[in-house]
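Asks: Data: data-v3.pdb, PDB, C-alpha atoms.
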MODEL        1
ATOM      1  CA  MET G   1       0.000   0.000   0.000
ATOM      2  CA  LYS G   2       2.802   2.379   0.910
ATOM      3  CA  TYR G   3       4.567   1.570  -2.380
ATOM      4  CA  PHE G   4       1.366   2.264  -4.255
ATOM      5  CA  LEU G   5       0.975   5.698  -2.609
ATOM      6  CA  ILE G   6       4.591   6.628  -3.358
ATOM      7  CA  LYS G   7       4.199   5.554  -6.975
ATOM      8  CA  ARG G   8       0.951   7.500  -7.340
ATOM      9  CA  ASN G   9       2.563  10.634  -5.867
ATOM     10  CA  LEU G  10       5.466  10.337  -8.307
ATOM     11  CA  ILE G  11       3.039  10.012 -11.212
ATOM     12  CA  LEU G  12       1.074  13.051 -10.045
ATOM     13  CA  LYS G  13       4.267  15.098  -9.659
ATOM     14  CA  GLY G  14       5.361  14.016 -13.125
ATOM     15  CA  LEU G  15       2.048  15.065 -14.627
ATOM     16  CA  LEU G  16       2.215  18.402 -12.822
ATOM     17  CA  LEU G  17       5.746  19.074 -14.071
ATOM     18  CA  PHE G  18       4.723  18.101 -17.601
ATOM     19  CA  SER G  19       1.707  20.439 -17.446
ATOM     20  CA  VAL G  20       3.824  23.337 -16.231
ATOM     21  CA  PHE G  21       6.425  22.676 -18.940
ATOM     22  CA  PHE G  22       3.703  22.409 -21.614
ATOM     23  CA  ILE G  23       2.050  25.677 -20.595
ATOM     24  CA  PHE G  24       5.428  27.409 -20.391
ATOM     25  CA  SER G  25       6.324  26.098 -23.855
ATOM     26  CA  LEU G  26       3.065  27.416 -25.252
ATOM     27  CA  PHE G  27       3.661  30.785 -23.636
ATOM     28  CA  MET G  28       7.190  31.024 -25.002
ATOM     29  CA  GLY G  29       6.001  29.849 -28.395
ATOM     30  CA  CYS G  30       3.377  32.574 -28.502
ATOM     31  CA  ASN G  31       5.881  35.217 -27.466
ATOM     32  CA  ASN G  32       8.324  34.105 -30.150
ATOM     33  CA  SER G  33       5.694  33.622 -32.838
ATOM     34  CA  PRO G  34       6.608  35.336 -36.122
ATOM     35  CA  THR G  35       3.009  36.613 -36.319
ATOM     36  CA  ALA G  36       3.195  38.420 -32.994
ATOM     37  CA  PRO G  37       3.059  42.247 -33.082
ATOM     38  CA  SER G  38       6.512  43.632 -33.861
ATOM     39  CA  LEU G  39       5.836  47.339 -33.257
ATOM     40  CA  SER G  40       8.775  48.807 -31.373
ATOM     41  CA  THR G  41       7.875  50.930 -28.362
ATOM     42  CA  SER G  42      11.310  52.472 -27.934
ATOM     43  CA  THR G  43      10.010  55.916 -28.925
ATOM     44  CA  ASP G  44       7.156  58.036 -27.626
ATOM     45  CA  GLY G  45       5.293  57.864 -30.935
ATOM     46  CA  ALA G  46       5.489  54.070 -31.200
ATOM     47  CA  ALA G  47       4.405  53.718 -27.570
ATOM     48  CA  MET G  48       1.444  56.049 -28.063
ATOM     49  CA  GLN G  49       0.347  54.183 -31.176
ATOM     50  CA  LYS G  50       0.498  50.874 -29.315
ATOM     51  CA  ILE G  51      -1.563  52.340 -26.461
ATOM     52  CA  ALA G  52      -4.159  53.586 -28.947
ATOM     53  CA  GLU G  53      -4.348  50.243 -30.753
ATOM     54  CA  SER G  54      -5.017  48.432 -27.478
ATOM     55  CA  ASP G  55      -7.864  50.767 -26.478
ATOM     56  CA  SER G  56     -11.359  49.337 -26.983
ATOM     57  CA  SER G  57     -12.898  52.629 -28.073
ATOM     58  CA  VAL G  58     -10.395  52.739 -30.957
ATOM     59  CA  THR G  59     -10.070  49.114 -32.074
ATOM     60  CA  LEU G  60     -13.763  48.178 -31.944
ATOM     61  CA  PHE G  61     -14.298  50.476 -34.923
ATOM     62  CA  ASP G  62     -12.660  47.847 -37.134
ATOM     63  CA  SER G  63     -14.919  44.924 -36.192
ATOM     64  CA  ASN G  64     -18.024  46.942 -37.085
ATOM     65  CA  TYR G  65     -16.588  48.733 -40.126
ATOM     66  CA  ASN G  66     -15.423  45.372 -41.486
ATOM     67  CA  GLU G  67     -18.857  43.777 -41.696
ATOM     68  CA  GLY G  68     -17.419  40.483 -42.874
ATOM     69  CA  GLN G  69     -20.408  39.536 -44.991
ATOM     70  CA  ALA G  70     -23.370  40.949 -46.880
ATOM     71  CA  MET G  71     -25.710  41.757 -44.030
ATOM     72  CA  SER G  72     -29.483  41.816 -44.121
ATOM     73  CA  PHE G  73     -30.997  45.221 -43.463
ATOM     74  CA  MET G  74     -34.422  46.360 -42.369
ATOM     75  CA  GLY G  75     -36.539  48.285 -44.869
ATOM     76  CA  LYS G  76     -38.028  47.621 -48.311
ATOM     77  CA  THR G  77     -36.507  49.006 -51.492
ATOM     78  CA  ILE G  78     -37.737  49.361 -55.081
ATOM     79  CA  ALA G  79     -35.331  49.807 -57.998
ATOM     80  CA  GLN G  80     -33.958  48.159 -61.140
ATOM     81  CA  ILE G  81     -32.276  45.714 -58.782
ATOM     82  CA  ASN G  82     -33.663  44.989 -55.338
ATOM     83  CA  PRO G  83     -30.789  44.717 -52.843
ATOM     84  CA  VAL G  84     -31.624  42.314 -50.034
ATOM     85  CA  LYS G  85     -28.203  42.193 -48.374
ATOM     86  CA  VAL G  86     -25.386  44.727 -48.334
ATOM     87  CA  GLY G  87     -22.040  44.427 -46.562
ATOM     88  CA  GLN G  88     -18.380  45.320 -46.863
ATOM     89  CA  ILE G  89     -15.146  43.499 -46.187
ATOM     90  CA  VAL G  90     -12.161  45.748 -45.490
ATOM     91  CA  ARG G  91      -8.533  45.451 -44.462
ATOM     92  CA  ILE G  92      -6.040  48.035 -43.278
ATOM     93  CA  VAL G  93      -3.328  48.736 -45.848
ATOM     94  CA  ASN G  94      -1.665  51.782 -44.314
ATOM     95  CA  LYS G  95      -1.357  53.525 -40.938
ATOM     96  CA  SER G  96      -0.147  57.031 -40.152
ATOM     97  CA  PHE G  97       0.474  58.225 -36.587
ATOM     98  CA  THR G  98       1.652  61.782 -35.926
ATOM     99  CA  TYR G  99       1.933  63.579 -32.598
ATOM    100  CA  ASN G 100       3.000  66.851 -31.005
ATOM    101  CA  VAL G 101       4.164  67.067 -27.387
ATOM    102  CA  VAL G 102       3.355  70.288 -25.549
ATOM    103  CA  GLY G 103       4.638  70.146 -21.978
ATOM    104  CA  ASP G 104       3.142  67.044 -20.366
ATOM    105  CA  THR G 105       0.428  66.645 -23.005
ATOM    106  CA  SER G 106       0.643  64.999 -26.411
ATOM    107  CA  TYR G 107      -1.812  65.633 -29.253
ATOM    108  CA  ALA G 108      -1.898  62.863 -31.870
ATOM    109  CA  THR G 109      -3.685  62.007 -35.106
ATOM    110  CA  PHE G 110      -4.168  58.371 -36.086
ATOM    111  CA  THR G 111      -5.123  57.760 -39.732
ATOM    112  CA  ARG G 112      -5.819  54.385 -41.319
ATOM    113  CA  THR G 113      -6.371  53.550 -44.969
ATOM    114  CA  PHE G 114      -8.675  50.636 -45.763
ATOM    115  CA  GLU G 115      -9.048  48.648 -48.954
ATOM    116  CA  GLY G 116     -12.378  46.938 -49.226
ATOM    117  CA  VAL G 117     -15.073  45.353 -51.334
ATOM    118  CA  LEU G 118     -18.748  46.273 -51.076
ATOM    119  CA  TYR G 119     -20.949  43.221 -51.681
ATOM    120  CA  ILE G 120     -24.565  43.580 -52.750
ATOM    121  CA  VAL G 121     -26.878  40.575 -52.916
ATOM    122  CA  ALA G 122     -29.753  41.633 -55.141
ATOM    123  CA  VAL G 123     -32.750  40.315 -57.058
ATOM    124  CA  SER G 124     -33.161  41.469 -60.651
ATOM    125  CA  ASN G 125     -36.629  42.642 -61.664
ATOM    126  CA  PHE G 126     -36.049  41.106 -65.086
ATOM    127  CA  SER G 127     -34.752  37.644 -64.257
ATOM    128  CA  GLY G 128     -36.043  37.234 -60.714
ATOM    129  CA  HIS G 129     -32.746  35.531 -59.787
ATOM    130  CA  ASP G 130     -30.291  36.478 -57.053
ATOM    131  CA  THR G 131     -27.051  38.063 -58.146
ATOM    132  CA  VAL G 132     -23.969  39.166 -56.191
ATOM    133  CA  ILE G 133     -22.384  42.480 -57.136
ATOM    134  CA  SER G 134     -18.920  43.342 -55.806
ATOM    135  CA  LYS G 135     -17.400  46.808 -55.888
ATOM    136  CA  PRO G 136     -13.829  47.565 -54.709
ATOM    137  CA  PHE G 137     -13.129  50.805 -52.873
ATOM    138  CA  THR G 138     -10.552  52.603 -50.738
ATOM    139  CA  SER G 139     -11.434  54.695 -47.691
ATOM    140  CA  THR G 140      -9.522  56.672 -45.083
ATOM    141  CA  ILE G 141     -10.584  56.978 -41.429
ATOM    142  CA  SER G 142      -8.976  59.383 -38.950
ATOM    143  CA  LEU G 143      -9.301  60.190 -35.269
ATOM    144  CA  ASN G 144      -7.442  62.372 -32.777
ATOM    145  CA  LEU G 145      -6.047  61.393 -29.386
ATOM    146  CA  ILE G 146      -4.822  63.256 -26.306
ATOM    147  CA  TYR G 147      -2.240  61.746 -23.955
ATOM    148  CA  THR G 148      -0.962  62.913 -20.582
ATOM    149  CA  ARG G 149       2.514  62.178 -19.259
ATOM    150  CA  VAL G 150       2.499  59.924 -16.176
ATOM    151  CA  GLY G 151       6.197  59.037 -15.918
ATOM    152  CA  ASN G 152       9.754  59.490 -17.186
ATOM    153  CA  SER G 153      11.053  55.926 -17.314
ATOM    154  CA  ASN G 154      13.192  54.342 -20.015
ATOM    155  CA  ASN G 155      10.082  52.593 -21.368
ATOM    156  CA  PRO G 156       7.849  55.157 -23.126
ATOM    157  CA  THR G 157       4.835  52.807 -22.850
ATOM    158  CA  PHE G 158       4.766  53.506 -19.114
ATOM    159  CA  ASN G 159       5.198  57.258 -19.536
ATOM    160  CA  TRP G 160       1.934  58.082 -21.298
ATOM    161  CA  ARG G 161      -1.742  57.565 -20.555
ATOM    162  CA  LEU G 162      -4.501  57.922 -23.121
ATOM    163  CA  ALA G 163      -6.744  60.656 -21.710
ATOM    164  CA  ALA G 164      -9.233  61.316 -24.509
ATOM    165  CA  VAL G 165     -10.192  59.960 -27.918
ATOM    166  CA  SER G 166     -12.080  61.781 -30.656
ATOM    167  CA  LEU G 167     -14.763  60.097 -32.717
ATOM    168  CA  PRO G 168     -13.606  58.568 -36.024
ATOM    169  CA  GLU G 169     -14.653  59.946 -39.400
ATOM    170  CA  GLY G 170     -13.748  59.555 -43.050
ATOM    171  CA  GLY G 171     -14.772  57.785 -46.233
ATOM    172  CA  THR G 172     -13.796  57.636 -49.890
ATOM    173  CA  LEU G 173     -11.799  60.406 -51.524
ATOM    174  CA  THR G 174     -14.794  61.552 -53.557
ATOM    175  CA  SER G 175     -18.330  61.403 -52.250
ATOM    176  CA  ASN G 176     -21.523  63.145 -53.221
ATOM    177  CA  VAL G 177     -22.926  62.576 -49.752
ATOM    178  CA  SER G 178     -21.411  64.069 -46.607
ATOM    179  CA  ILE G 179     -22.582  63.496 -43.034
ATOM    180  CA  GLN G 180     -23.053  66.833 -41.238
ATOM    181  CA  ASN G 181     -24.485  65.823 -37.866
ATOM    182  CA  VAL G 182     -25.310  62.725 -35.848
ATOM    183  CA  THR G 183     -27.676  63.028 -32.891
ATOM    184  CA  VAL G 184     -28.186  60.107 -30.512
ATOM    185  CA  PHE G 185     -31.249  60.004 -28.256
ATOM    186  CA  LEU G 186     -30.327  57.840 -25.262
ATOM    187  CA  PRO G 187     -32.834  55.842 -23.187
ATOM    188  CA  ASN G 188     -32.202  57.946 -20.044
ATOM    189  CA  GLY G 189     -33.292  61.118 -21.834
ATOM    190  CA  ASP G 190     -29.805  62.431 -22.571
ATOM    191  CA  THR G 191     -28.915  63.578 -26.084
ATOM    192  CA  LEU G 192     -25.531  63.324 -27.778
ATOM    193  CA  SER G 193     -25.040  65.640 -30.759
ATOM    194  CA  VAL G 194     -21.912  65.574 -32.953
ATOM    195  CA  ASN G 195     -21.091  68.058 -35.727
ATOM    196  CA  SER G 196     -17.367  67.350 -36.148
ATOM    197  CA  PRO G 197     -16.243  63.872 -34.992
ATOM    198  CA  ASN G 198     -12.506  64.626 -34.917
ATOM    199  CA  ASP G 199     -13.217  67.570 -32.589
ATOM    200  CA  TYR G 200     -15.578  65.639 -30.296
ATOM    201  CA  TYR G 201     -13.567  63.928 -27.550
ATOM    202  CA  VAL G 202     -14.681  61.304 -25.049
ATOM    203  CA  ALA G 203     -12.754  60.682 -21.860
ATOM    204  CA  ARG G 204     -10.518  57.700 -21.255
ATOM    205  CA  GLY G 205      -9.931  58.846 -17.665
ATOM    206  CA  ASN G 206     -10.831  61.544 -15.158
ATOM    207  CA  GLY G 207     -10.758  65.250 -15.899
ATOM    208  CA  TRP G 208     -12.583  65.376 -19.237
ATOM    209  CA  LYS G 209     -16.091  66.652 -19.710
ATOM    210  CA  ARG G 210     -17.516  64.020 -22.026
ATOM    211  CA  GLN G 211     -17.703  60.350 -21.107
ATOM    212  CA  LEU G 212     -18.571  57.367 -23.276
ATOM    213  CA  PRO G 213     -22.343  56.945 -23.449
ATOM    214  CA  GLU G 214     -23.440  54.164 -21.071
ATOM    215  CA  ILE G 215     -26.559  52.286 -22.128
ATOM    216  CA  GLY G 216     -28.426  49.441 -20.449
ATOM    217  CA  ARG G 217     -29.165  46.104 -22.092
ATOM    218  CA  ASN G 218     -32.205  45.795 -24.376
ATOM    219  CA  LYS G 219     -32.736  49.547 -24.383
ATOM    220  CA  PRO G 220     -33.998  51.564 -27.376
ATOM    221  CA  VAL G 221     -31.540  54.014 -28.931
ATOM    222  CA  THR G 222     -32.598  56.430 -31.675
ATOM    223  CA  ILE G 223     -30.076  57.721 -34.223
ATOM    224  CA  GLN G 224     -30.704  60.804 -36.352
ATOM    225  CA  VAL G 225     -28.312  61.571 -39.222
ATOM    226  CA  THR G 226     -28.198  64.856 -41.144
ATOM    227  CA  LEU G 227     -26.297  64.871 -44.426
ATOM    228  CA  ASN G 228     -25.686  66.880 -47.561
ATOM    229  CA  SER G 229     -26.464  65.000 -50.751
ATOM    230  CA  ALA G 230     -25.956  65.970 -54.371
ATOM    231  CA  TYR G 231     -28.964  63.895 -55.373
ATOM    232  CA  SER G 232     -32.727  64.222 -54.979
ATOM    233  CA  ASP G 233     -33.075  60.431 -54.697
ATOM    234  CA  THR G 234     -33.138  58.800 -51.284
ATOM    235  CA  ASP G 235     -29.614  57.875 -50.193
ATOM    236  CA  PHE G 236     -28.673  54.579 -48.563
ATOM    237  CA  VAL G 237     -27.812  55.252 -44.903
ATOM    238  CA  THR G 238     -27.086  52.399 -42.497
ATOM    239  CA  LEU G 239     -26.056  51.836 -38.882
ATOM    240  CA  THR G 240     -23.833  48.858 -38.006
ATOM    241  CA  HIS G 241     -23.405  48.255 -34.274
ATOM    242  CA  GLY G 242     -22.844  45.784 -31.460
ATOM    243  CA  GLY G 243     -19.943  43.750 -32.844
ATOM    244  CA  ASN G 244     -17.236  42.589 -30.434
ATOM    245  CA  PHE G 245     -13.564  42.099 -31.357
ATOM    246  CA  SER G 246     -14.490  38.959 -33.334
ATOM    247  CA  GLY G 247     -17.435  40.615 -35.052
ATOM    248  CA  LEU G 248     -19.985  38.565 -33.100
ATOM    249  CA  HIS G 249     -23.386  40.086 -32.193
ATOM    250  CA  ARG G 250     -23.061  42.604 -35.019
ATOM    251  CA  GLU G 251     -26.350  44.009 -36.314
ATOM    252  CA  LYS G 252     -27.315  46.371 -39.108
ATOM    253  CA  LEU G 253     -30.179  48.840 -39.509
ATOM    254  CA  LYS G 254     -31.220  50.855 -42.563
ATOM    255  CA  LEU G 255     -32.177  54.406 -41.560
ATOM    256  CA  GLU G 256     -35.293  55.942 -43.090
ATOM    257  CA  LEU G 257     -35.556  59.336 -44.774
ATOM    258  CA  VAL G 258     -37.444  61.857 -42.612
ATOM    259  CA  SER G 259     -37.034  65.038 -44.647
ATOM    260  CA  SER G 260     -35.256  66.474 -47.698
ATOM    261  CA  THR G 261     -34.756  70.213 -48.284
ATOM    262  CA  PRO G 262     -33.022  71.873 -51.281
ATOM    263  CA  SER G 263     -29.770  73.469 -50.153
ATOM    264  CA  GLY G 264     -27.261  75.090 -52.514
ATOM    265  CA  ASN G 265     -26.498  72.674 -55.324
ATOM    266  CA  GLY G 266     -27.855  69.698 -53.395
ATOM    267  CA  TYR G 267     -30.166  68.645 -50.619
ATOM    268  CA  LEU G 268     -30.059  68.678 -46.834
ATOM    269  CA  LYS G 269     -31.562  65.406 -45.632
ATOM    270  CA  ILE G 270     -32.426  63.854 -42.278
ATOM    271  CA  TYR G 271     -32.472  60.087 -41.698
ATOM    272  CA  LYS G 272     -33.632  58.327 -38.559
ATOM    273  CA  GLY G 273     -33.817  54.867 -37.014
ATOM    274  CA  THR G 274     -34.181  53.088 -33.656
ATOM    275  CA  TYR G 275     -32.487  49.906 -32.487
ATOM    276  CA  LEU G 276     -32.327  47.865 -29.276
ATOM    277  CA  THR G 277     -29.019  47.280 -27.523
ATOM    278  CA  HIS G 278     -28.198  43.610 -27.067
ATOM    279  CA  ASN G 279     -27.408  41.612 -23.915
ATOM    280  CA  TRP G 280     -23.608  41.696 -24.199
ATOM    281  CA  PRO G 281     -21.988  44.199 -21.808
ATOM    282  CA  GLY G 282     -18.762  46.033 -22.586
ATOM    283  CA  TYR G 283     -17.369  48.487 -25.120
ATOM    284  CA  HIS G 284     -19.010  48.741 -28.539
ATOM    285  CA  GLN G 285     -19.003  50.993 -31.578
ATOM    286  CA  ALA G 286     -21.800  52.306 -33.794
ATOM    287  CA  ILE G 287     -20.799  52.958 -37.423
ATOM    288  CA  ILE G 288     -22.886  55.203 -39.681
ATOM    289  CA  ASN G 289     -22.321  54.697 -43.416
ATOM    290  CA  ALA G 290     -23.962  56.945 -46.030
ATOM    291  CA  PHE G 291     -23.947  56.035 -49.742
ATOM    292  CA  PRO G 292     -25.570  57.773 -52.712
ATOM    293  CA  LYS G 293     -28.483  55.656 -53.945
ATOM    294  CA  GLN G 294     -26.811  54.590 -57.198
ATOM    295  CA  VAL G 295     -23.925  52.952 -55.346
ATOM    296  CA  ILE G 296     -26.337  50.299 -54.075
ATOM    297  CA  PHE G 297     -28.884  50.224 -56.904
ATOM    298  CA  ASP G 298     -26.666  50.616 -59.988
ATOM    299  CA  ASP G 299     -24.118  47.868 -60.559
ATOM    300  CA  SER G 300     -21.827  50.170 -62.588
ATOM    301  CA  SER G 301     -21.612  53.103 -60.131
ATOM    302  CA  PRO G 302     -18.378  53.307 -58.092
ATOM    303  CA  VAL G 303     -18.447  53.281 -54.309
ATOM    304  CA  GLU G 304     -18.795  56.639 -52.571
ATOM    305  CA  ILE G 305     -19.186  56.618 -48.819
ATOM    306  CA  SER G 306     -19.171  58.963 -45.820
ATOM    307  CA  THR G 307     -18.505  57.274 -42.465
ATOM    308  CA  TRP G 308     -18.718  58.340 -38.805
ATOM    309  CA  GLY G 309     -18.275  56.236 -35.683
ATOM    310  CA  ILE G 310     -19.535  56.593 -32.100
ATOM    311  CA  PRO G 311     -18.172  54.404 -29.265
ATOM    312  CA  TYR G 312     -20.465  53.454 -26.374
ATOM    313  CA  PHE G 313     -20.630  51.109 -23.399
ATOM    314  CA  ILE G 314     -23.352  48.575 -22.556
ATOM    315  CA  LYS G 315     -23.629  48.070 -18.823
TER     316      LYS G 315
ENDMDL
END
Translate the structure of the given file into structure tokens.

Replies:
Amino acid sequence: MKYFLIKRNLILKGLLLFSVFFIFSLFMGCNNSPTAPSLSTSTDGAAMQKIAESDSSVTLFDSNYNEGQAMSFMGKTIAQINPVKVGQIVRIVNKSFTYNVVGDTSYATFTRTFEGVLYIVAVSNFSGHDTVISKPFTSTISLNLIYTRVGNSNNPTFNWRLAAVSLPEGGTLTSNVSIQNVTVFLPNGDTLSVNSPNDYYVARGNGWKRQLPEIGRNKPVTIQVTLNSAYSDTDFVTLTHGGNFSGLHREKLKLELVSSTPSGNGYLKIYKGTYLTHNWPGYHQAIINAFPKQVIFDDSSPVEISTWGIPYFIK
């Protein structure tokens, strides 16, 4: 019996040592993986960029902007082709990070260039068959960041804290639609109104006026979008929201035209829609995309898009 206990203890110790070695090997393998991030943080700029790219309010833009598939949208349409699903797949092809240190504060601009394909699943009025239309495009999204110095060590990553992040905005180089204002009506009665995303900062710490909107689960949120359009036709304006880092729980809503008023050489239009937040707490991002009508309904029209983003938190 005593021999049996000693043998069992030796086996258990061996298994424990093997488990520790296996986990350690995995950890070292991950750290030495050739696909691991290689961004050097030996300079202030590199450190600030790394801090920004690890912040949820910045990175969650990508998982909602990159819709990953042609997504169903709410709302009926009538045209030469009837789009039933619309979605875009994008990838980052270039990053630009610039900054200016003034005393213990750093002001930075983070710009990313995306290459993508807009996919439209449509039904032809002539044939009655489904068809998939793909349109390549390039867009640029920018946001501003404010950092405060918190140390003077040899590792710049520990010397800066992200204090505030602006809202992202951008789109294609040419666009005949341009978002002018986004107003969010929150369930608690508060209203968030944005006229210039890159000048609208939300706090990533204490000391800043604006905080990320906090919304409860399964609560109605109404979005109102005002835009300038060169066309009298109804534009195609959508809201994509709720996706986590893997794109799960992502939903899409087509906003409806409320009013259209002649303005200059175009039209000032208001679009509106309401959605329910889901049950998944944490940081999220709402992406508003505005296309001229022909981008979606004419298979030969190039992609033109105006995009704004608004981060929020589900509690």

Asks: Hey, what comes out of the PyMOL selection byres ((chain G and resi 187) around 8) on this file? Could you write it as a PDB file with C-alpha atoms, in the frame of the given file?

Replies:
ATOM      1  CA  PHE G 185     -31.249  60.004 -28.256  1.00  0.00           C
ATOM      2  CA  LEU G 186     -30.327  57.840 -25.262  1.00  0.00           C
ATOM      3  CA  ASN G 188     -32.202  57.946 -20.044  1.00  0.00           C
ATOM      4  CA  GLY G 189     -33.292  61.118 -21.834  1.00  0.00           C
ATOM      5  CA  ASP G 190     -29.805  62.431 -22.571  1.00  0.00           C
ATOM      6  CA  ILE G 215     -26.559  52.286 -22.128  1.00  0.00           C
ATOM      7  CA  LYS G 219     -32.736  49.547 -24.383  1.00  0.00           C
ATOM      8  CA  PRO G 220     -33.998  51.564 -27.376  1.00  0.00           C
ATOM      9  CA  VAL G 221     -31.540  54.014 -28.931  1.00  0.00           C
TER      10      VAL G 221
END

Asks: When you draw a straight line from CA of Leu167 in chain G to CA of Val237 in chain G, how long is it in Å?

Replies: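 A separation of 18.5 Å between them.
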
Asks: So what do you get for CA of Val303 in chain G versus CA of Asn198 in chain G, distance-wise?

Replies: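 For CA of Val303 in chain G relative to CA of Asn198 in chain G, the distance reads 23.2 Å.
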
Asks: With distances taken over all atoms listed in the file, which residue among G:Thr59, G:Asn159, G:Thr238, G:Thr191 lies nearest Thr307 in chain G?

Replies: G:Thr238

Asks: Calculated over only C-alpha atoms, which of the candidates G:Thr183, G:Asn64, G:Glu115, G:Phe313 has the smallest distance to Asn279 in chain G?

Replies: G:Phe313

Asks: Determine the residue membership of the PyMOL selection byres ((chain G and resi 49-55) around 8) for the file above and supply it as a list in words.

Replies: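 Listing what the PyMOL selection byres ((chain G and resi 49-55) around 8) selects in the shown file: Leu39, Thr41, Gly45, Ala46, Ala47, Met48, Ser56, Ser57, Val58, Thr59, Phe97, Phe110, Thr157, Arg161 and Leu162 of chain G.
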
Asks: Save the residues we just selected, C-alpha atoms, as a short mmCIF file (atom, residue, chain, number, x, y, z; two decimals), in the frame of the given file?

Replies:
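Output saved as result_38.cif:
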data_model
loop_
_atom_site.label_atom_id
_atom_site.label_comp_id
_atom_site.auth_asym_id
_atom_site.auth_seq_id
_atom_site.Cartn_x
_atom_site.Cartn_y
_atom_site.Cartn_z
CA LEU G 39 5.84 47.34 -33.26
CA THR G 41 7.88 50.93 -28.36
CA GLY G 45 5.29 57.86 -30.94
CA ALA G 46 5.49 54.07 -31.20
CA ALA G 47 4.40 53.72 -27.57
CA MET G 48 1.44 56.05 -28.06
CA SER G 56 -11.36 49.34 -26.98
CA SER G 57 -12.90 52.63 -28.07
CA VAL G 58 -10.40 52.74 -30.96
CA THR G 59 -10.07 49.11 -32.07
CA PHE G 97 0.47 58.22 -36.59
CA PHE G 110 -4.17 58.37 -36.09
CA THR G 157 4.84 52.81 -22.85
CA ARG G 161 -1.74 57.56 -20.56
CA LEU G 162 -4.50 57.92 -23.12
#

Asks: CA of Tyr107 in chain G and CA of Asn155 in chain G, how far apart in Å?

Replies: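 About the pair CA of Asn155 in chain G and CA of Tyr107 in chain G: they are 19.3 Å apart.
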
Asks: Given the choices G:Asn181, G:Pro302, G:Asp104, G:Leu276, which gets closest to Asn152 in chain G if the distance is worked out from only C-alpha atoms?

Replies: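 Going through G:Asn181, G:Pro302, G:Asp104, G:Leu276 one by one, the smallest distance to Asn152 in chain G is for G:Asp104.
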
Asks: Could you give me, as a PyMOL selection string, the residues within 10 Å of range 169-174 of chain G, counting all atoms listed in the file and dropping anything in the same chain fewer than 3 positions from it?

Replies: chain G and resi 111-114+137-143+166+177-179+196-198+287-291+303-310

Asks: Give me a file of those residues, with C-alpha atoms, as a PDB file, in the frame of the given file.

Replies:
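What ended up in out_18.pdb:
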ATOM      1  CA  THR G 111      -5.123  57.760 -39.732  1.00  0.00           C
ATOM      2  CA  ARG G 112      -5.819  54.385 -41.319  1.00  0.00           C
ATOM      3  CA  THR G 113      -6.371  53.550 -44.969  1.00  0.00           C
ATOM      4  CA  PHE G 114      -8.675  50.636 -45.763  1.00  0.00           C
ATOM      5  CA  PHE G 137     -13.129  50.805 -52.873  1.00  0.00           C
ATOM      6  CA  THR G 138     -10.552  52.603 -50.738  1.00  0.00           C
ATOM      7  CA  SER G 139     -11.434  54.695 -47.691  1.00  0.00           C
ATOM      8  CA  THR G 140      -9.522  56.672 -45.083  1.00  0.00           C
ATOM      9  CA  ILE G 141     -10.584  56.978 -41.429  1.00  0.00           C
ATOM     10  CA  SER G 142      -8.976  59.383 -38.950  1.00  0.00           C
ATOM     11  CA  LEU G 143      -9.301  60.190 -35.269  1.00  0.00           C
ATOM     12  CA  SER G 166     -12.080  61.781 -30.656  1.00  0.00           C
ATOM     13  CA  VAL G 177     -22.926  62.576 -49.752  1.00  0.00           C
ATOM     14  CA  SER G 178     -21.411  64.069 -46.607  1.00  0.00           C
ATOM     15  CA  ILE G 179     -22.582  63.496 -43.034  1.00  0.00           C
ATOM     16  CA  SER G 196     -17.367  67.350 -36.148  1.00  0.00           C
ATOM     17  CA  PRO G 197     -16.243  63.872 -34.992  1.00  0.00           C
ATOM     18  CA  ASN G 198     -12.506  64.626 -34.917  1.00  0.00           C
ATOM     19  CA  ILE G 287     -20.799  52.958 -37.423  1.00  0.00           C
ATOM     20  CA  ILE G 288     -22.886  55.203 -39.681  1.00  0.00           C
ATOM     21  CA  ASN G 289     -22.321  54.697 -43.416  1.00  0.00           C
ATOM     22  CA  ALA G 290     -23.962  56.945 -46.030  1.00  0.00           C
ATOM     23  CA  PHE G 291     -23.947  56.035 -49.742  1.00  0.00           C
ATOM     24  CA  VAL G 303     -18.447  53.281 -54.309  1.00  0.00           C
ATOM     25  CA  GLU G 304     -18.795  56.639 -52.571  1.00  0.00           C
ATOM     26  CA  ILE G 305     -19.186  56.618 -48.819  1.00  0.00           C
ATOM     27  CA  SER G 306     -19.171  58.963 -45.820  1.00  0.00           C
ATOM     28  CA  THR G 307     -18.505  57.274 -42.465  1.00  0.00           C
ATOM     29  CA  TRP G 308     -18.718  58.340 -38.805  1.00  0.00           C
ATOM     30  CA  GLY G 309     -18.275  56.236 -35.683  1.00  0.00           C
ATOM     31  CA  ILE G 310     -19.535  56.593 -32.100  1.00  0.00           C
TER      32      ILE G 310
END

Asks: Residues around (-20.3, 46.4, -20.7), cut-off 6 Å, counting only C-alpha atoms - what are they as a VMD selection string?

Replies: chain G and resid 281 to 283 313 to 315

Asks: Please evaluate the PyMOL selection byres ((chain G and resi 274) around 9) against the structure above and give the resulting residues as an MDAnalysis selection string.

Replies: chainID G and resid 220:224 253 255 272:273 275:276

Asks: As a PyMOL selection string, please: the residues near Tyr271 in chain G (cut-off 7 Å, all atoms listed in the file, same-chain neighbours under 6 positions excluded).

Replies: chain G and resi 224-226+255-258

Asks: Write out as number ranges by chain each polymer residue whose atoms come within 10 Å of Asn228 in chain G, counting only C-alpha atoms; drop sequence neighbours fewer than 3 positions from it.

Replies: G: 176-181, 231, 260-270
